[in-house]
$ cat model.txt   # compact mmCIF, C-alpha atoms
# COMPACT_ATOMS: atom_id res chain seq x y z
CA MET A 1 39.78 101.69 -17.68
CA GLN A 2 42.96 100.06 -16.40
CA MET A 3 41.51 100.12 -12.91
CA ASN A 4 38.45 98.09 -14.05
CA LYS A 5 40.63 95.46 -15.76
CA ALA A 6 42.71 95.06 -12.62
CA LEU A 7 39.62 94.55 -10.49
CA SER A 8 38.26 91.95 -12.92
CA SER A 9 41.53 90.03 -12.83
CA ILE A 10 41.58 90.04 -9.02
CA ALA A 11 37.97 88.76 -8.87
CA LEU A 12 38.71 85.95 -11.32
CA LEU A 13 41.81 84.94 -9.39
CA GLY A 14 39.82 84.84 -6.15
CA ALA A 15 37.16 82.60 -7.68
CA LEU A 16 39.84 80.15 -8.84
CA VAL A 17 41.42 80.12 -5.40
CA LEU A 18 38.05 79.40 -3.74
CA ALA A 19 37.23 76.60 -6.22
CA ALA A 20 40.61 74.90 -5.89
CA PRO A 21 39.91 73.10 -2.59
CA ALA A 22 36.83 71.42 -4.11
CA PHE A 23 38.94 69.82 -6.83
CA ALA A 24 41.76 69.03 -4.46
CA GLN A 25 39.66 66.82 -2.13
CA PRO A 26 40.81 63.18 -2.23
CA ALA A 27 38.31 60.49 -3.45
CA ALA A 28 36.43 58.64 -0.69
CA ALA A 29 37.67 55.08 -0.04
CA PRO A 30 35.20 52.32 -1.10
CA GLN A 31 33.25 50.71 1.73
CA PRO A 32 34.01 47.05 2.45
CA PRO A 33 31.27 44.63 1.37
CA SER A 34 28.68 43.94 4.05
CA SER A 35 28.30 40.40 5.41
CA TYR A 36 24.53 40.98 5.43
CA TYR A 37 23.87 41.24 1.71
CA PRO A 38 21.46 42.37 0.40
CA ALA A 39 20.02 43.24 3.82
CA PRO A 40 20.55 42.26 7.44
CA PRO A 41 18.13 39.67 8.83
CA PRO A 42 15.12 40.90 10.78
CA GLU A 43 15.32 40.91 14.51
CA ARG A 44 12.31 38.57 14.63
CA ALA A 45 11.14 36.01 12.09
CA PRO A 46 7.68 36.61 10.59
CA VAL A 47 4.82 34.78 12.27
CA VAL A 48 3.41 31.91 10.17
CA GLU A 49 -0.12 30.59 10.67
CA ARG A 50 -0.19 26.94 11.71
CA GLY A 51 -2.02 24.56 9.38
CA ALA A 52 -4.56 21.90 10.38
CA SER A 53 -3.22 18.66 11.76
CA PRO A 54 -3.21 15.92 9.09
CA SER A 55 -4.12 13.24 11.63
CA ASN A 56 -7.87 13.73 11.30
CA LEU A 57 -8.09 14.30 7.56
CA SER A 58 -10.19 11.81 5.54
CA SER A 59 -8.70 10.04 2.55
CA PRO A 60 -9.98 11.05 -0.90
CA LEU A 61 -9.81 7.40 -1.99
CA PRO A 62 -12.90 5.23 -1.60
CA ALA A 63 -12.91 2.96 1.39
CA ALA A 64 -11.99 -0.66 0.86
CA PRO A 65 -15.04 -2.80 0.08
CA ALA A 66 -16.48 -4.63 3.01
CA LYS A 67 -15.88 -8.35 3.18
CA VAL A 68 -18.69 -10.33 1.60
CA GLU A 69 -20.27 -12.44 4.30
CA ARG A 70 -23.54 -13.33 2.60
CA THR A 71 -24.59 -13.92 -1.00
CA VAL A 72 -27.73 -11.99 -1.90
CA VAL A 73 -30.03 -14.26 -3.92
CA ASP A 74 -32.67 -12.28 -5.81
CA SER A 75 -33.55 -15.19 -8.10
CA ASP A 76 -33.79 -18.73 -6.79
CA ALA A 77 -34.15 -20.04 -10.34
CA GLU A 78 -30.87 -18.41 -11.40
CA ALA A 79 -29.16 -19.70 -8.28
CA GLN A 80 -30.25 -23.26 -9.08
CA LEU A 81 -28.82 -22.93 -12.56
CA PHE A 82 -25.56 -21.35 -11.42
CA ALA A 83 -25.04 -24.12 -8.90
CA GLU A 84 -24.64 -26.43 -11.92
CA ALA A 85 -21.79 -24.38 -13.48
CA ARG A 86 -18.94 -26.86 -13.83
CA LYS A 87 -16.94 -25.84 -16.89
CA ILE A 88 -14.80 -22.93 -18.10
CA THR A 89 -14.36 -22.09 -21.77
CA TRP A 90 -11.79 -19.62 -23.08
CA GLY A 91 -12.72 -17.83 -26.27
CA ARG A 92 -9.12 -16.95 -27.21
CA TYR A 93 -8.36 -20.61 -27.92
CA ALA A 94 -11.83 -22.19 -28.12
CA LYS A 95 -11.75 -22.57 -31.93
CA ILE A 96 -8.36 -24.26 -32.06
CA LYS A 97 -8.60 -27.98 -32.74
CA GLY A 98 -7.81 -29.87 -29.58
CA ALA A 99 -8.98 -27.17 -27.13
CA LYS A 100 -10.70 -28.47 -24.03
CA PRO A 101 -12.75 -26.77 -21.29
CA GLY A 102 -11.50 -26.27 -17.78
CA GLU A 103 -13.24 -27.00 -14.50
CA VAL A 104 -14.98 -24.65 -12.08
CA THR A 105 -16.53 -25.40 -8.71
CA VAL A 106 -19.41 -23.42 -7.25
CA THR A 107 -19.65 -24.05 -3.51
CA ARG A 108 -22.31 -22.98 -1.06
CA GLN A 109 -21.22 -22.61 2.54
CA GLY A 110 -24.20 -21.52 4.57
CA ASN A 111 -25.37 -18.22 3.06
CA LEU A 112 -22.13 -17.61 1.18
CA TRP A 113 -21.39 -18.89 -2.31
CA THR A 114 -17.86 -19.18 -3.69
CA VAL A 115 -16.53 -19.92 -7.16
CA LYS A 116 -13.10 -21.21 -8.09
CA GLY A 117 -11.70 -22.82 -11.22
CA ARG A 118 -8.93 -23.02 -13.81
CA LEU A 119 -8.41 -23.96 -17.44
CA ASP A 120 -4.97 -25.11 -18.58
CA SER A 121 -4.83 -24.83 -22.34
CA VAL A 122 -3.86 -27.96 -24.23
CA ALA A 123 -4.54 -26.72 -27.76
CA PRO A 124 -1.48 -27.08 -30.01
CA GLY A 125 0.84 -24.09 -29.64
CA THR A 126 -0.85 -22.81 -26.48
CA GLU A 127 0.54 -25.23 -23.93
CA GLY A 128 1.44 -23.41 -20.72
CA ASP A 129 -1.26 -20.76 -21.10
CA TRP A 130 -4.05 -20.76 -18.54
CA VAL A 131 -6.98 -18.82 -17.14
CA SER A 132 -8.39 -18.93 -13.61
CA ILE A 133 -11.12 -17.51 -11.41
CA ASP A 134 -11.25 -17.15 -7.64
CA GLY A 135 -13.89 -15.20 -5.74
CA VAL A 136 -17.04 -15.03 -3.66
CA VAL A 137 -20.48 -14.56 -5.15
CA GLU A 138 -21.92 -11.26 -4.00
CA ARG A 139 -25.28 -11.36 -5.77
CA ILE A 140 -27.38 -13.67 -7.94
CA ALA A 141 -30.23 -12.16 -9.95
CA ALA A 142 -32.13 -13.13 -13.08
CA GLY A 143 -29.50 -13.53 -15.80
CA VAL A 144 -26.75 -11.94 -13.67
CA VAL A 145 -24.15 -13.29 -11.27
CA GLN A 146 -21.81 -10.85 -9.55
CA VAL A 147 -18.54 -12.18 -8.16
CA ARG A 148 -16.06 -10.25 -6.04
CA GLY A 149 -12.64 -11.62 -6.81
CA GLU A 150 -10.29 -11.90 -9.77
CA VAL A 151 -9.88 -13.58 -13.14
CA ALA A 152 -6.33 -14.06 -14.40
CA PHE A 153 -5.15 -14.71 -17.99
CA ARG A 154 -1.70 -16.15 -18.66
CA VAL A 155 -0.66 -15.90 -22.32
CA ALA A 156 2.97 -16.56 -23.23
CA LYS A 157 3.13 -13.83 -25.88
CA VAL A 158 1.52 -11.15 -23.69
CA GLU A 159 3.71 -9.37 -21.12
CA LYS A 160 6.28 -12.15 -21.47
CA GLY A 161 3.90 -14.61 -19.85
CA THR A 162 3.08 -12.54 -16.78
CA PRO A 163 -0.57 -13.19 -15.75
CA CYS A 164 -2.85 -10.24 -16.51
CA LYS A 165 -5.71 -9.86 -14.05
CA VAL A 166 -9.10 -8.22 -13.83
CA GLY A 167 -10.40 -7.90 -10.28
CA GLY A 168 -13.02 -6.33 -8.09
CA LEU A 169 -16.73 -6.76 -8.65
CA LEU A 170 -17.02 -8.92 -11.77
CA THR A 171 -20.31 -9.39 -13.61
CA PHE A 172 -21.31 -12.56 -15.45
CA ARG A 173 -24.35 -12.33 -17.71
CA ARG A 174 -26.62 -15.02 -19.18
CA SER A 175 -29.45 -14.45 -21.65
CA GLY A 176 -32.57 -16.42 -22.53
CA LYS A 177 -32.18 -20.16 -22.31
CA SER A 178 -28.40 -20.00 -22.57
CA GLN A 179 -26.38 -22.19 -20.23
CA VAL A 180 -23.38 -19.83 -20.33
CA TRP A 181 -22.47 -16.94 -18.04
CA ARG A 182 -19.99 -14.63 -19.81
CA LEU A 183 -17.67 -12.25 -17.99
CA ALA A 184 -18.63 -8.68 -18.92
CA GLU A 185 -15.19 -7.36 -17.95
CA GLY A 186 -13.51 -9.94 -20.16
CA ASP A 187 -11.07 -7.67 -22.02
CA ASN A 188 -7.45 -8.54 -21.28
CA PRO A 189 -6.03 -5.46 -19.49
CA CYS A 190 -2.58 -6.03 -21.02
CA ASP A 191 -3.34 -6.19 -24.75
CA GLY A 192 -7.08 -5.38 -25.00
CA THR A 193 -8.04 -8.77 -26.45
CA ARG A 194 -11.63 -9.87 -25.84
CA GLU A 195 -10.94 -13.11 -24.00
CA GLY A 196 -14.46 -14.57 -23.95
CA PHE A 197 -14.27 -16.04 -20.47
CA ASP A 198 -17.34 -18.21 -19.81
CA LEU A 199 -18.72 -20.29 -16.98
CA VAL A 200 -20.81 -23.10 -18.43
CA MET A 201 -23.58 -25.11 -16.82
CA ASP A 202 -23.16 -28.85 -17.08
CA LYS A 203 -26.08 -30.46 -15.33
CA GLN A 204 -25.25 -34.06 -14.75
CA GLY A 205 -28.42 -36.09 -15.00
CA GLU A 206 -29.03 -38.81 -12.52
CA LYS A 207 -28.22 -42.17 -13.94
CA LYS A 208 -31.13 -44.57 -13.73
CA PRO A 209 -30.22 -47.93 -12.33
CA VAL A 210 -30.05 -50.63 -14.95
CA PRO A 211 -32.26 -53.57 -14.02
CA ALA A 212 -30.37 -56.74 -13.34
CA GLN A 213 -30.45 -59.18 -16.19
CA PRO A 214 -31.25 -62.80 -15.43
CA LYS A 215 -28.36 -65.12 -15.89
CA ARG A 216 -28.49 -67.24 -18.93
CA SER A 217 -28.35 -70.90 -18.35
$ encode --input "model.txt" --output "structure tokens"
Amino acid sequence: MQMNKALSSIALLGALVLAAPAFAQPAAAPQPPSSYYPAPPPERAPVVERGASPSNLSSPLPAAPAKVERTVVDSDAEAQLFAEARKITWGRYAKIKGAKPGEVTVTRQGNLWTVKGRLDSVAPGTEGDWVSIDGVVERIAAGVVQVRGEVAFRVAKVEKGTPCKVGGLLTFRRSGKSQVWRLAEGDNPCDGTREGFDLVMDKQGEKKPVPAQPKRS
């Protein structure tokens, strides 16, 4: 019995002696931080596919309109009437007492018609406001005149008096026996007011010569 206890004690002591070096090992020193964090760069950069050259790409915007070199006349009768347009009326101020029309000139140069005019408001309280038109006539048809150009509205209380413009292909319409061509795109782009911009025919009749009266004796 005593012999067995002695052997057990020796075996336990040997196990402790063998395990001691494992606990006695010093802790490993921490590694210094790497300059390539989180990973070193590749030896060769990845290959990137080359895109198409932008030099030959087409623009998504529509091309600028070609210069009008000739007025297309689909209605000679309408053209004869429009040639007599000499006045501008401005609906914004037309009903104010003292308002007066402006002047417009329709000119034909060869096959090209042009239109240019201005109205300076003189109605009380509107002095300094004006409206103008400047453009070339692109097409004349029955009841329709299309002008490529711009119409500008200057109103003191709108955009602090900065002229507000509508431009591009502008359409003037006339109906029946009316002598007025009204701008279809006549809404002021700054405040939305329907301006009522009109070109008005004013056919000046030829004055008949007055026969000479005999002198009284």
$ closest_residue --input "model.txt" --among "A:Thr114, A:Asn188, A:Ser132, A:Ser175" --to "A:Gln146" --atoms "all atoms listed in the file"
A:Thr114
$ closest_residue --input "model.txt" --among "A:Ala94, A:Thr126, A:Ala142, A:Ile88" --to "A:Gly176" --atoms "only C-alpha atoms"
A:Ala142
$ closest_residue --input "model.txt" --among "A:Arg174, A:Lys116, A:Arg92, A:Arg86" --to "A:Asp187" --atoms "only C-alpha atoms"
A:Arg92
$ atom_distance --input "model.txt" --atom1 "atom CA of A:Arg108" --atom2 "atom CA of A:Gly149"
16.0 Å
$ atom_distance --input "model.txt" --atom1 "atom CA of A:Arg70" --atom2 "atom CA of A:Thr105"
18.0 Å
$ closest_residue --input "model.txt" --among "A:Asp202, A:Val131, A:Glu159, A:Glu78" --to "A:Gly91" --atoms "all atoms listed in the file"
A:Val131
$ closest_residue --input "model.txt" --among "A:Asp129, A:Glu185, A:Glu103, A:Glu43" --to "A:Val147" --atoms "all atoms listed in the file"
A:Glu185
$ atom_distance --input "model.txt" --atom1 "atom CA of A:Arg173" --atom2 "atom CA of A:Val144"
4.7 Å
$ residues_around --input "model.txt" --residues "A:Ala141" --least-positions-apart "3" --cutoff "9 Å" --atoms "all atoms listed in the file" --output "MDAnalysis selection string"
chainID A and resid 72:79 144:146
$ closest_residue --input "model.txt" --among "A:Thr193, A:Thr71, A:Gln80, A:Thr89" --to "A:Ser121" --atoms "all atoms listed in the file"
A:Thr89
$ closest_atom_pairs --input "model.txt" --of "stretch 120-206 of chain A" --to "stretch 96-102 of chain A" --cutoff "7 Å" --atoms "all atoms listed in the file" --output "CSV"
residue,atom,partner,partner_atom,distance
A:Asp120,CA,A:Gly102,CA,6.7
A:Ser121,CA,A:Ala99,CA,6.8
A:Val122,CA,A:Ala99,CA,5.9
A:Ala123,CA,A:Ala99,CA,4.5
A:Pro124,CA,A:Gly98,CA,6.9
$ residues_near_point --input "model.txt" --point "(-3.5, -12.8, -18.7)" --cutoff "12 Å" --atoms "only C-alpha atoms" --output "JSON, numbers by chain"
{"A": [90, 92, 128, 129, 130, 131, 132, 133, 150, 151, 152, 153, 154, 155, 156, 157, 158, 159, 160, 161, 162, 163, 164, 165, 166, 167, 186, 187, 188, 189, 190, 191, 192, 193, 194, 195, 197]}
$ write_last_selection --input "model.txt" --atoms "C-alpha atoms" --output "tab-separated table (two decimals), in the frame of the given file"
chain	number	residue	atom	x	y	z
A	90	TRP	CA	-11.79	-19.62	-23.08
A	92	ARG	CA	-9.12	-16.95	-27.21
A	128	GLY	CA	1.44	-23.41	-20.72
A	129	ASP	CA	-1.26	-20.76	-21.10
A	130	TRP	CA	-4.05	-20.76	-18.54
A	131	VAL	CA	-6.98	-18.82	-17.14
A	132	SER	CA	-8.39	-18.93	-13.61
A	133	ILE	CA	-11.12	-17.51	-11.41
A	150	GLU	CA	-10.29	-11.90	-9.77
A	151	VAL	CA	-9.88	-13.58	-13.14
A	152	ALA	CA	-6.33	-14.06	-14.40
A	153	PHE	CA	-5.15	-14.71	-17.99
A	154	ARG	CA	-1.70	-16.15	-18.66
A	155	VAL	CA	-0.66	-15.90	-22.32
A	156	ALA	CA	2.97	-16.56	-23.23
A	157	LYS	CA	3.13	-13.83	-25.88
A	158	VAL	CA	1.52	-11.15	-23.69
A	159	GLU	CA	3.71	-9.37	-21.12
A	160	LYS	CA	6.28	-12.15	-21.47
A	161	GLY	CA	3.90	-14.61	-19.85
A	162	THR	CA	3.08	-12.54	-16.78
A	163	PRO	CA	-0.57	-13.19	-15.75
A	164	CYS	CA	-2.85	-10.24	-16.51
A	165	LYS	CA	-5.71	-9.86	-14.05
A	166	VAL	CA	-9.10	-8.22	-13.83
A	167	GLY	CA	-10.40	-7.90	-10.28
A	186	GLY	CA	-13.51	-9.94	-20.16
A	187	ASP	CA	-11.07	-7.67	-22.02
A	188	ASN	CA	-7.45	-8.54	-21.28
A	189	PRO	CA	-6.03	-5.46	-19.49
A	190	CYS	CA	-2.58	-6.03	-21.02
A	191	ASP	CA	-3.34	-6.19	-24.75
A	192	GLY	CA	-7.08	-5.38	-25.00
A	193	THR	CA	-8.04	-8.77	-26.45
A	194	ARG	CA	-11.63	-9.87	-25.84
A	195	GLU	CA	-10.94	-13.11	-24.00
A	197	PHE	CA	-14.27	-16.04	-20.47
